[in-house]
>>> print(open('upload35.txt').read())   # compact mmCIF, C-alpha atoms and all ligand atoms
# COMPACT_ATOMS: atom_id res chain seq x y z
CA VAL T 23 -26.48 10.10 15.70
CA SER T 24 -27.17 10.64 12.00
CA ASP T 25 -27.39 14.43 12.36
CA VAL T 26 -24.05 14.92 14.06
CA ALA T 27 -21.72 15.15 11.08
CA ALA T 28 -23.89 17.74 9.37
CA THR T 29 -23.36 20.19 12.24
CA SER T 30 -19.60 19.68 12.53
CA SER T 31 -18.03 21.29 9.48
CA GLY T 32 -15.76 24.34 9.39
CA THR T 33 -13.09 25.57 11.74
CA SER T 34 -14.45 28.68 13.44
CA GLY T 35 -17.58 30.10 15.02
CA ASP T 36 -19.86 28.35 17.48
CA ARG T 37 -20.17 24.69 16.51
CA GLY T 38 -22.23 23.58 19.46
CA SER T 39 -21.05 21.47 22.38
CA VAL T 40 -19.03 18.34 22.85
CA GLY T 41 -18.87 16.35 26.10
CA LEU T 42 -15.61 14.93 27.44
CA PHE T 43 -15.22 12.42 30.27
CA GLY T 44 -11.68 12.55 31.62
CA ALA T 45 -9.27 15.46 31.21
CA GLY T 46 -5.86 13.86 31.59
CA VAL T 47 -3.28 13.78 28.81
CA ILE T 48 -5.78 12.76 26.15
CA GLY T 49 -8.84 14.64 27.40
CA SER T 50 -6.82 17.88 27.53
CA GLY T 51 -5.69 17.23 23.96
CA TRP T 52 -9.29 16.75 22.75
CA THR T 53 -10.23 19.91 24.68
CA ALA T 54 -7.61 21.89 22.75
CA PHE T 55 -8.70 20.28 19.48
CA TYR T 56 -12.36 21.22 19.91
CA LEU T 57 -11.79 24.71 21.37
CA ALA T 58 -9.59 25.48 18.36
CA ARG T 59 -12.55 24.61 16.12
CA GLY T 60 -15.10 26.80 17.84
CA TYR T 61 -16.82 24.19 20.01
CA ARG T 62 -18.02 24.58 23.54
CA VAL T 63 -16.38 21.86 25.60
CA LYS T 64 -18.11 20.37 28.64
CA VAL T 65 -15.80 18.25 30.74
CA HIS T 66 -16.47 15.85 33.57
CA ASP T 67 -13.45 14.72 35.59
CA PRO T 68 -13.69 13.82 39.29
CA ALA T 69 -10.05 14.82 40.00
CA PRO T 70 -10.10 18.15 41.88
CA GLU T 71 -6.99 19.40 40.08
CA ALA T 72 -8.27 18.51 36.60
CA GLU T 73 -9.69 21.93 35.75
CA GLN T 74 -6.64 23.99 36.68
CA ARG T 75 -4.31 21.44 35.08
CA THR T 76 -6.29 21.57 31.84
CA ARG T 77 -6.46 25.37 31.71
CA ASP T 78 -2.70 25.62 32.39
CA TYR T 79 -2.03 23.06 29.65
CA LEU T 80 -4.15 25.05 27.19
CA ASP T 81 -2.37 28.32 27.98
CA ARG T 82 1.02 26.64 27.66
CA THR T 83 0.37 24.84 24.38
CA TRP T 84 -1.98 27.26 22.61
CA PRO T 85 0.64 28.75 20.23
CA GLN T 86 1.22 25.24 18.87
CA VAL T 87 -2.48 24.44 18.81
CA VAL T 88 -3.02 27.50 16.61
CA ARG T 89 -0.28 26.34 14.23
CA SER T 90 -2.01 22.99 13.88
CA ALA T 91 -5.51 24.49 13.42
CA PRO T 92 -5.53 27.44 11.03
CA GLY T 93 -8.41 29.76 11.87
CA ALA T 94 -8.31 28.97 15.58
CA PRO T 95 -8.74 31.90 17.99
CA THR T 96 -5.39 33.47 18.90
CA SER T 97 -5.90 32.92 22.63
CA VAL T 98 -7.64 30.17 24.60
CA ALA T 99 -11.42 30.67 24.72
CA HIS T 100 -11.57 29.67 28.39
CA GLU T 101 -15.19 30.81 28.61
CA ARG T 102 -16.15 28.04 26.17
CA LEU T 103 -14.69 25.40 28.48
CA THR T 104 -16.70 24.33 31.53
CA PHE T 105 -16.14 21.61 34.11
CA GLU T 106 -19.43 19.92 34.94
CA SER T 107 -21.13 17.13 36.84
CA ASP T 108 -21.53 13.90 34.84
CA VAL T 109 -25.19 14.77 34.27
CA ASP T 110 -24.51 18.28 32.97
CA ALA T 111 -21.53 17.22 30.84
CA VAL T 112 -23.79 15.22 28.52
CA ALA T 113 -26.81 17.51 28.46
CA GLY T 114 -27.59 18.56 24.90
CA VAL T 115 -24.47 17.04 23.32
CA ASP T 116 -24.34 14.69 20.32
CA ILE T 117 -20.71 13.63 20.68
CA ILE T 118 -19.06 12.42 23.88
CA HIS T 119 -15.39 11.41 24.11
CA GLU T 120 -14.52 9.06 26.95
CA ASN T 121 -10.89 9.56 28.02
CA GLY T 122 -10.91 7.79 31.38
CA PRO T 123 -8.35 5.30 32.71
CA GLU T 124 -7.39 2.34 30.48
CA SER T 125 -9.49 -0.26 32.29
CA VAL T 126 -12.55 -2.12 31.01
CA GLU T 127 -14.27 -1.86 34.40
CA ARG T 128 -13.57 1.85 34.85
CA LYS T 129 -14.71 2.64 31.32
CA GLN T 130 -17.87 0.51 31.68
CA GLU T 131 -18.68 2.44 34.84
CA ILE T 132 -18.25 5.72 32.96
CA TYR T 133 -20.57 4.52 30.16
CA GLY T 134 -23.18 3.68 32.82
CA ARG T 135 -23.00 7.27 34.07
CA ILE T 136 -23.12 8.69 30.56
CA GLU T 137 -26.08 6.57 29.50
CA ALA T 138 -28.03 7.51 32.63
CA SER T 139 -28.32 11.09 31.37
CA ALA T 140 -27.29 11.37 27.72
CA ASP T 141 -29.64 11.44 24.76
CA ASP T 142 -30.09 7.88 23.43
CA ARG T 143 -28.74 8.97 20.05
CA ALA T 144 -25.56 10.61 21.38
CA LEU T 145 -22.39 8.98 20.03
CA ILE T 146 -19.85 7.75 22.59
CA LEU T 147 -16.25 7.74 21.32
CA SER T 148 -13.67 5.96 23.46
CA SER T 149 -10.04 7.09 23.35
CA SER T 150 -8.93 3.65 24.55
CA GLY T 151 -5.47 2.72 23.36
CA GLY T 152 -6.13 -0.99 22.90
CA LEU T 153 -9.15 -2.41 24.76
CA MET T 154 -11.68 -4.50 22.86
CA PRO T 155 -14.78 -2.45 22.05
CA SER T 156 -16.97 -5.57 22.36
CA LEU T 157 -15.96 -5.73 26.02
CA LEU T 158 -16.33 -2.00 26.57
CA GLN T 159 -19.91 -2.02 25.26
CA ALA T 160 -20.97 -5.27 26.99
CA ASP T 161 -23.18 -3.65 29.65
CA MET T 162 -24.46 -0.67 27.68
CA SER T 163 -28.14 -0.11 27.06
CA HIS T 164 -27.30 1.35 23.61
CA PRO T 165 -24.09 -0.48 22.64
CA GLU T 166 -24.59 0.41 18.98
CA ARG T 167 -23.30 3.93 19.67
CA LEU T 168 -19.97 2.93 21.22
CA VAL T 169 -17.07 3.56 18.84
CA VAL T 170 -13.37 3.45 19.63
CA ALA T 171 -11.80 6.64 18.26
CA HIS T 172 -8.18 6.20 19.29
CA PRO T 173 -6.10 9.37 18.92
CA LEU T 174 -2.36 9.78 19.41
CA SER T 175 -0.70 12.26 21.74
CA PRO T 176 -0.49 15.23 21.21
CA VAL T 177 -4.12 14.89 20.19
CA TYR T 178 -4.46 18.45 18.88
CA ALA T 179 -1.56 17.96 16.45
CA LEU T 180 -1.32 14.35 15.29
CA PRO T 181 -3.90 13.78 12.56
CA LEU T 182 -4.45 10.05 12.98
CA VAL T 183 -7.52 8.56 14.65
CA GLU T 184 -8.13 4.81 14.55
CA ILE T 185 -11.82 3.98 14.31
CA LEU T 186 -13.22 0.57 15.18
CA GLY T 187 -16.33 -0.91 16.67
CA GLY T 188 -17.35 -3.93 18.71
CA ALA T 189 -19.77 -6.69 17.69
CA LYS T 190 -22.75 -4.50 18.61
CA THR T 191 -21.53 -1.19 17.15
CA SER T 192 -23.68 -0.04 14.22
CA GLU T 193 -22.21 0.79 10.83
CA GLN T 194 -24.02 4.10 11.07
CA SER T 195 -22.15 4.99 14.28
CA LEU T 196 -18.82 4.09 12.66
CA ASP T 197 -19.68 6.18 9.60
CA THR T 198 -20.86 9.14 11.66
CA ALA T 199 -17.76 9.06 13.88
CA SER T 200 -15.47 8.86 10.84
CA GLU T 201 -17.26 11.65 9.03
CA HIS T 202 -17.35 13.89 12.10
CA LEU T 203 -13.63 13.60 12.78
CA THR T 204 -12.65 13.78 9.11
CA THR T 205 -14.66 16.97 8.70
CA LEU T 206 -12.74 18.47 11.61
CA GLY T 207 -9.40 17.64 9.98
CA LYS T 208 -8.48 14.29 11.48
CA HIS T 209 -7.00 11.55 9.29
CA VAL T 210 -9.26 8.61 10.05
CA ILE T 211 -8.38 4.98 9.42
CA ARG T 212 -10.96 2.23 9.90
CA LEU T 213 -9.95 -1.12 11.39
CA HIS T 214 -11.88 -4.14 10.18
CA LYS T 215 -11.39 -6.22 13.32
CA GLU T 216 -10.81 -5.83 17.02
CA VAL T 217 -7.25 -6.69 17.98
CA PRO T 218 -5.42 -5.81 21.21
CA GLY T 219 -3.49 -2.56 20.80
CA TYR T 220 -5.36 -1.81 17.54
CA LEU T 221 -2.96 -0.91 14.72
CA THR T 222 -0.71 1.97 15.80
CA ASN T 223 0.22 0.51 19.16
CA ARG T 224 0.93 -2.88 17.59
CA LEU T 225 3.28 -1.30 15.04
CA THR T 226 4.88 0.89 17.68
CA PHE T 227 5.40 -1.92 20.14
CA ALA T 228 6.83 -4.25 17.51
CA LEU T 229 9.66 -1.71 17.21
CA VAL T 230 9.85 -1.28 20.99
CA ARG T 231 10.16 -5.03 21.41
CA GLU T 232 13.11 -5.27 19.05
CA ALA T 233 14.74 -2.18 20.58
CA VAL T 234 14.55 -3.84 24.00
CA HIS T 235 15.87 -7.10 22.58
CA CYS T 236 18.87 -5.35 20.97
CA LEU T 237 19.53 -3.47 24.20
CA LEU T 238 19.49 -6.68 26.25
CA GLU T 239 21.66 -8.52 23.74
CA GLY T 240 24.22 -5.70 23.81
CA VAL T 241 23.91 -5.09 20.07
CA ALA T 242 24.37 -1.37 20.72
CA ASP T 243 23.97 1.01 23.63
CA ALA T 244 20.71 2.81 24.36
CA GLN T 245 21.70 6.04 22.61
CA ALA T 246 22.74 4.22 19.44
CA ILE T 247 19.40 2.36 19.37
CA GLU T 248 17.64 5.71 19.61
CA ASP T 249 19.85 7.22 16.91
CA ALA T 250 19.06 4.35 14.54
CA VAL T 251 15.38 5.30 14.76
CA VAL T 252 15.72 9.10 14.84
CA TYR T 253 18.39 9.50 12.14
CA GLY T 254 17.55 6.48 10.01
CA VAL T 255 14.13 4.89 10.31
CA THR T 256 11.90 7.88 11.10
CA PRO T 257 12.88 10.29 8.29
CA ARG T 258 12.14 7.59 5.72
CA TYR T 259 8.75 6.94 7.32
CA VAL T 260 7.50 10.53 7.10
CA LEU T 261 5.70 10.02 3.78
CA GLY T 262 5.48 6.26 3.41
CA GLY T 263 5.30 3.55 6.04
CA ALA T 264 6.86 0.14 6.47
CA LEU T 265 5.24 -1.33 3.36
CA THR T 266 6.27 1.59 1.16
CA SER T 267 9.84 1.34 2.38
CA LEU T 268 9.85 -2.33 1.53
CA ALA T 269 8.19 -1.75 -1.83
CA VAL T 270 10.78 0.75 -3.07
CA ALA T 271 13.76 -1.36 -2.00
CA GLY T 272 13.78 -3.58 -5.10
CA GLY T 273 14.03 -0.92 -7.82
CA GLY T 274 12.15 -0.80 -11.13
CA ASP T 275 9.42 1.38 -12.59
CA THR T 276 6.48 0.67 -10.30
CA GLY T 277 5.82 -0.37 -6.74
CA ALA T 278 4.51 -3.76 -7.78
CA GLU T 279 7.55 -4.37 -10.00
CA SER T 280 9.90 -3.41 -7.19
CA MET T 281 8.02 -5.45 -4.58
CA THR T 282 8.13 -8.46 -6.90
CA LYS T 283 11.93 -8.20 -6.89
CA VAL T 284 11.97 -7.76 -3.13
CA VAL T 285 9.90 -10.87 -2.44
CA THR T 286 11.81 -12.84 -5.06
CA TYR T 287 15.37 -11.98 -4.08
CA PHE T 288 15.19 -10.81 -0.48
CA ALA T 289 12.74 -13.34 0.93
CA PRO T 290 15.47 -15.60 2.43
CA ALA T 291 17.18 -12.62 4.12
CA ILE T 292 13.87 -11.26 5.40
CA GLU T 293 12.89 -14.64 6.79
CA GLU T 294 16.28 -15.03 8.46
CA TRP T 295 15.95 -11.59 10.12
CA TRP T 296 12.34 -12.25 11.13
CA SER T 297 13.22 -15.56 12.69
CA ASP T 298 15.95 -13.89 14.73
CA LEU T 299 13.75 -11.12 16.19
CA GLY T 300 13.58 -11.09 19.95
CA ALA T 301 10.66 -11.69 22.29
CA PRO T 302 11.75 -10.34 25.66
CA THR T 303 9.50 -10.63 28.67
CA MET T 304 9.14 -8.06 31.42
CA THR T 305 11.31 -9.68 34.06
CA GLN T 306 12.76 -7.48 36.81
CA ASP T 307 16.12 -7.48 34.99
CA VAL T 308 14.47 -6.16 31.84
CA LYS T 309 12.61 -3.51 33.80
CA ASP T 310 15.88 -2.43 35.45
CA ALA T 311 17.62 -2.31 32.05
CA LEU T 312 14.87 -0.06 30.67
CA VAL T 313 15.09 2.34 33.60
CA ALA T 314 18.87 2.48 33.15
CA ALA T 315 18.40 3.12 29.42
CA ALA T 316 16.02 6.02 30.12
CA ASP T 317 18.55 7.45 32.54
CA ALA T 318 21.35 7.11 29.99
CA ILE T 319 19.31 8.82 27.26
CA LEU T 320 17.47 11.53 29.18
CA GLY T 321 19.63 12.03 32.28
CA ASP T 322 18.42 14.93 34.42
CA ARG T 323 16.45 16.67 31.68
CA GLN T 324 13.02 17.86 32.79
CA LEU T 325 10.45 15.49 31.32
CA SER T 326 8.04 18.36 30.60
CA ASP T 327 10.77 19.95 28.42
CA VAL T 328 11.33 16.69 26.55
CA VAL T 329 7.60 16.28 25.85
CA ALA T 330 7.22 19.94 24.84
CA GLU T 331 10.13 19.57 22.40
CA ARG T 332 8.65 16.40 20.94
CA ASP T 333 5.23 17.99 20.54
CA ALA T 334 6.73 21.07 18.84
CA ALA T 335 8.54 18.76 16.39
CA VAL T 336 5.30 16.89 15.70
CA VAL T 337 3.50 20.16 14.90
CA GLU T 338 6.31 21.15 12.53
CA ILE T 339 6.41 17.81 10.72
CA VAL T 340 2.64 17.71 10.30
CA GLU T 341 2.60 21.32 9.09
CA THR T 342 5.38 20.62 6.58
CA PHE T 343 4.24 17.31 5.18
CA HIS T 344 0.59 16.65 6.02
CA SER T 345 -1.34 19.89 5.77
N1 LIG T 401 -1.44 8.93 27.08
C1 LIG T 401 -1.41 8.55 25.81
O1 LIG T 401 -0.42 8.75 25.11
C2 LIG T 401 -2.64 7.91 25.19
C3 LIG T 401 -2.72 7.88 23.79
C4 LIG T 401 -3.88 7.40 23.20
C5 LIG T 401 -4.92 6.89 23.98
N2 LIG T 401 -4.80 6.91 25.35
C6 LIG T 401 -5.95 6.41 26.12
O2 LIG T 401 -6.73 7.53 26.51
C7 LIG T 401 -7.33 7.25 27.79
C8 LIG T 401 -6.90 8.32 28.78
O3 LIG T 401 -5.50 8.27 28.90
P1 LIG T 401 -4.67 9.46 29.57
O4 LIG T 401 -3.25 9.22 29.20
O5 LIG T 401 -5.31 10.75 29.24
O6 LIG T 401 -4.88 9.11 31.12
P2 LIG T 401 -4.75 10.11 32.36
O7 LIG T 401 -4.49 9.26 33.54
O8 LIG T 401 -3.81 11.22 32.03
O9 LIG T 401 -6.21 10.74 32.47
C9 LIG T 401 -7.34 10.01 32.87
C10 LIG T 401 -8.31 11.00 33.47
O10 LIG T 401 -9.56 10.34 33.70
C11 LIG T 401 -10.10 10.87 34.88
N3 LIG T 401 -11.16 10.01 35.40
C12 LIG T 401 -11.05 8.97 36.28
N4 LIG T 401 -12.27 8.47 36.54
C13 LIG T 401 -13.16 9.19 35.80
C14 LIG T 401 -14.59 9.16 35.67
N5 LIG T 401 -15.35 8.28 36.33
N6 LIG T 401 -15.18 10.05 34.85
C15 LIG T 401 -14.43 10.96 34.18
N7 LIG T 401 -13.08 11.05 34.28
C16 LIG T 401 -12.45 10.15 35.08
C17 LIG T 401 -8.89 11.04 35.80
O11 LIG T 401 -9.17 11.93 36.87
C18 LIG T 401 -7.84 11.57 34.82
O12 LIG T 401 -7.82 12.99 34.79
C19 LIG T 401 -6.89 5.84 28.16
O13 LIG T 401 -7.86 4.93 27.73
C20 LIG T 401 -5.59 5.68 27.39
O14 LIG T 401 -5.26 4.35 27.12
C21 LIG T 401 -3.69 7.43 25.97
>>> encode(input="upload35.txt", output="structure tokens")
Amino acid sequence: VSDVAATSSGTSGDRGSVGLFGAGVIGSGWTAFYLARGYRVKVHDPAPEAEQRTRDYLDRTWPQVVRSAPGAPTSVAHERLTFESDVDAVAGVDIIHENGPESVERKQEIYGRIEASADDRALILSSSGGLMPSLLQADMSHPERLVVAHPLSPVYALPLVEILGGAKTSEQSLDTASEHLTTLGKHVIRLHKEVPGYLTNRLTFALVREAVHCLLEGVADAQAIEDAVVYGVTPRYVLGGALTSLAVAGGGDTGAESMTKVVTYFAPAIEEWWSDLGAPTMTQDVKDALVAAADAILGDRQLSDVVAERDAAVVEIVETFHS
């Protein structure tokens, strides 16, 4: 494990091999990310259509991948991508990303297959979006090498990766995973504890929860709720997050000075708003309301077009503000 980061620097040339288990939305994104940086990518996915789907995805998205990875080859290096048996996918690799279904049992089964053939020192990075790493590693023979490395979609473009370990994960594995991904251009944040949904999904779903509540309460229609985020909240969050926005609201010379005013003068208003936030549950009525909202917002638009447009915007924002 300790040697991995040293072999990972740079953005072109042959960097060695990485093993991926699962080539759905996230596995395809990691495939693009590593191919753009000169790696050979060995994928295991039992779905018969996985290989063609992944190669089509790469061809379709490559112009954007190149924009998000300066120095990447101008066309997809398909010859560096191979679909393998589980045994061959881990042969000779130091880093393995697990991108299988979001289920503790399914992931534990995948780790069993990986550990049956992989080098004992190989690092296993799970893309899980919110499962507890202590549970994921429970049956592993080398649990110290299991690290959650949670990316966001589109993986090739969004810089953030959340890194966290379970009770048995070693500090060295966390350090090596962080260093490896940082060297390749990811923006790594380390979580100090295991919490469901980690950090990004908790923040995201706090906003989703209130959006659903406002929709159900008839505060505004679905399109207006979207517009509030797209035209108001998001542009302010491009460079600073929720805490920065709060910190600058008070005025003054420094963040601390401004935040002091905020907590002094706005505390009653903030508490009143907090106490009024909704906590909807997923009843059938709520599910129906969400499907109707999606229909009102997106209508007959092809979903693949919507996602492609979103991903192109992500690439542009990252290129403009974060590179
Ligand atoms: N979709 C997202 O936006 C997103 C974002 C971040 C993290 N994640 C997480 O990433 C993981 C993968 O999510 P996804 O959206 O790519 O799912 P997906 O359903 O698109 O892909 C999962 C893939 O795993 C494959 N698979 C099933 N069993 C396998 C096995 N035994 N070995 C290898 N591959 C196997 C499937 O054939 C499928 O291609 C999940 O843990 C998910 O929570 C998803």
>>> residues_near_ligand(input="upload35.txt", ligand="ligand LIG 401 (chain T)", cutoff="9 Å", atoms="all atoms listed in the file", output="ChimeraX atom specification")
/T:42-51,65-72,108,120-125,128-129,131-133,135,148-153,171-177,223
>>> closest_residue(input="upload35.txt", among="T:Glu338, T:Asp310, T:Asp78, T:Glu216", to="Met154 of chain T", atoms="all atoms listed in the file")
T:Glu216
>>> residues_around(input="upload35.txt", residues="segment 248-264 of chain T", least_positions_apart="2", cutoff="10 Å", atoms="only C-alpha atoms", output="PyMOL selection string")
chain T and resi 225+229+233+242-246+266-269+319+339-340+343-344
>>> write_last_selection(input="upload35.txt", atoms="C-alpha atoms", output="tab-separated table (two decimals), keeping the file's coordinate frame")
chain	number	residue	atom	x	y	z
T	225	LEU	CA	3.28	-1.30	15.04
T	229	LEU	CA	9.66	-1.71	17.21
T	233	ALA	CA	14.74	-2.18	20.58
T	242	ALA	CA	24.37	-1.37	20.72
T	243	ASP	CA	23.97	1.01	23.63
T	244	ALA	CA	20.71	2.81	24.36
T	245	GLN	CA	21.70	6.04	22.61
T	246	ALA	CA	22.74	4.22	19.44
T	266	THR	CA	6.27	1.59	1.16
T	267	SER	CA	9.84	1.34	2.38
T	268	LEU	CA	9.85	-2.33	1.53
T	269	ALA	CA	8.19	-1.75	-1.83
T	319	ILE	CA	19.31	8.82	27.26
T	339	ILE	CA	6.41	17.81	10.72
T	340	VAL	CA	2.64	17.71	10.30
T	343	PHE	CA	4.24	17.31	5.18
T	344	HIS	CA	0.59	16.65	6.02
>>> residues_around(input="upload35.txt", residues="Ala58 of chain T", least_positions_apart="2", cutoff="10 Å", atoms="all atoms listed in the file", output="list in words")
Thr33, Ser34, Gly35, Trp52, Thr53, Ala54, Phe55, Tyr56, Gly60, Tyr61, Arg62, Trp84, Val87, Val88, Ser90, Ala91, Pro92, Gly93, Ala94, Pro95, Thr96, Ser97, Val98, Ala99 and Tyr178 of chain T
>>> atom_distance(input="upload35.txt", atom1="atom CA of Thr276 of chain T", atom2="atom CA of Glu293 of chain T")
23.8 Å
>>> closest_residue(input="upload35.txt", among="T:Gly207, T:Gly240, T:Pro155, T:Gly321", to="Pro181 of chain T", atoms="all atoms listed in the file")
T:Gly207
>>> closest_residue(input="upload35.txt", among="T:Glu232, T:Glu341, T:Asp333, T:Asp81", to="Thr303 of chain T", atoms="all atoms listed in the file")
T:Glu232
>>> residues_near_point(input="upload35.txt", point="(-32.8, 14.1, 20.6)", cutoff="10 Å", atoms="all atoms listed in the file", output="PDB file with C-alpha atoms, in the coordinates of the input")
ATOM      1  CA  VAL T  23     -26.480  10.100  15.700  1.00  0.00           C
ATOM      2  CA  ASP T  25     -27.390  14.430  12.360  1.00  0.00           C
ATOM      3  CA  GLY T 114     -27.590  18.560  24.900  1.00  0.00           C
ATOM      4  CA  VAL T 115     -24.470  17.040  23.320  1.00  0.00           C
ATOM      5  CA  ASP T 116     -24.340  14.690  20.320  1.00  0.00           C
ATOM      6  CA  ALA T 140     -27.290  11.370  27.720  1.00  0.00           C
ATOM      7  CA  ASP T 141     -29.640  11.440  24.760  1.00  0.00           C
ATOM      8  CA  ASP T 142     -30.090   7.880  23.430  1.00  0.00           C
ATOM      9  CA  ARG T 143     -28.740   8.970  20.050  1.00  0.00           C
ATOM     10  CA  ALA T 144     -25.560  10.610  21.380  1.00  0.00           C
TER      11      ALA T 144
END
>>> residues_around(input="upload35.txt", residues="Val308 of chain T", least_positions_apart="3", cutoff="12 Å", atoms="all atoms listed in the file", output="JSON, numbers by chain")
{"T": [231, 233, 234, 235, 236, 237, 238, 239, 301, 302, 303, 304, 305, 311, 312, 313, 314, 315]}
>>> atom_distance(input="upload35.txt", atom1="atom CA of His209 of chain T", atom2="atom CA of Glu331 of chain T")
23.0 Å
>>> closest_residue(input="upload35.txt", among="T:Val230, T:Ala289, T:Val169, T:Val337", to="Leu213 of chain T", atoms="only C-alpha atoms")
T:Val169
>>> axis_aligned_box(input="upload35.txt", around="segment 161-170 of chain T", padding_each_side="5 Å", output="AutoDock Vina command-line options")
--center_x -20.8 --center_y 0.1 --center_z 24.2 --size_x 24.8 --size_y 17.6 --size_z 20.8
>>> atom_distance(input="upload35.txt", atom1="atom CA of Met162 of chain T", atom2="atom CA of Val109 of chain T")
16.8 Å
>>> closest_residue(input="upload35.txt", among="T:Ala111, T:Leu265, T:Val183, T:Ser39", to="Thr222 of chain T", atoms="only C-alpha atoms")
T:Val183
>>> closest_residue(input="upload35.txt", among="T:Glu137, T:Asp317, T:Glu73, T:Glu127", to="Glu106 of chain T", atoms="only C-alpha atoms")
T:Glu73
>>> residues_around(input="upload35.txt", residues="Ala160 of chain T", least_positions_apart="4", cutoff="9 Å", atoms="all atoms listed in the file", output="mmCIF file with C-alpha atoms, keeping the file's coordinate frame")
data_model
loop_
_atom_site.group_PDB
_atom_site.id
_atom_site.type_symbol
_atom_site.label_atom_id
_atom_site.label_comp_id
_atom_site.auth_asym_id
_atom_site.auth_seq_id
_atom_site.Cartn_x
_atom_site.Cartn_y
_atom_site.Cartn_z
ATOM 1 C CA GLN T 130 -17.870 0.510 31.680
ATOM 2 C CA PRO T 155 -14.780 -2.450 22.050
ATOM 3 C CA SER T 156 -16.970 -5.570 22.360
ATOM 4 C CA PRO T 165 -24.090 -0.480 22.640
ATOM 5 C CA LYS T 190 -22.750 -4.500 18.610
#
>>> closest_atom_pairs(input="upload35.txt", of="segment 77-191 of chain T", to="segment 199-203 of chain T", cutoff="10 Å", atoms="only C-alpha atoms", output="tab-separated table")
residue	atom	partner	partner_atom	distance
T:Ile117	CA	T:Ala199	CA	8.7
T:Leu145	CA	T:Ala199	CA	7.7
T:Ile146	CA	T:Ala199	CA	9.1
T:Leu147	CA	T:Ala199	CA	7.7
T:Arg167	CA	T:Ala199	CA	9.5
T:Leu168	CA	T:Ala199	CA	9.8
T:Val169	CA	T:Ala199	CA	7.4
T:Val170	CA	T:Ala199	CA	9.2
T:Ala171	CA	T:Ala199	CA	7.8
T:Pro181	CA	T:Leu203	CA	9.7
T:Leu182	CA	T:Leu203	CA	9.8
T:Val183	CA	T:Leu203	CA	8.1
T:Glu184	CA	T:Ser200	CA	9.2
T:Ile185	CA	T:Ser200	CA	7.0
T:Leu186	CA	T:Ser200	CA	9.6
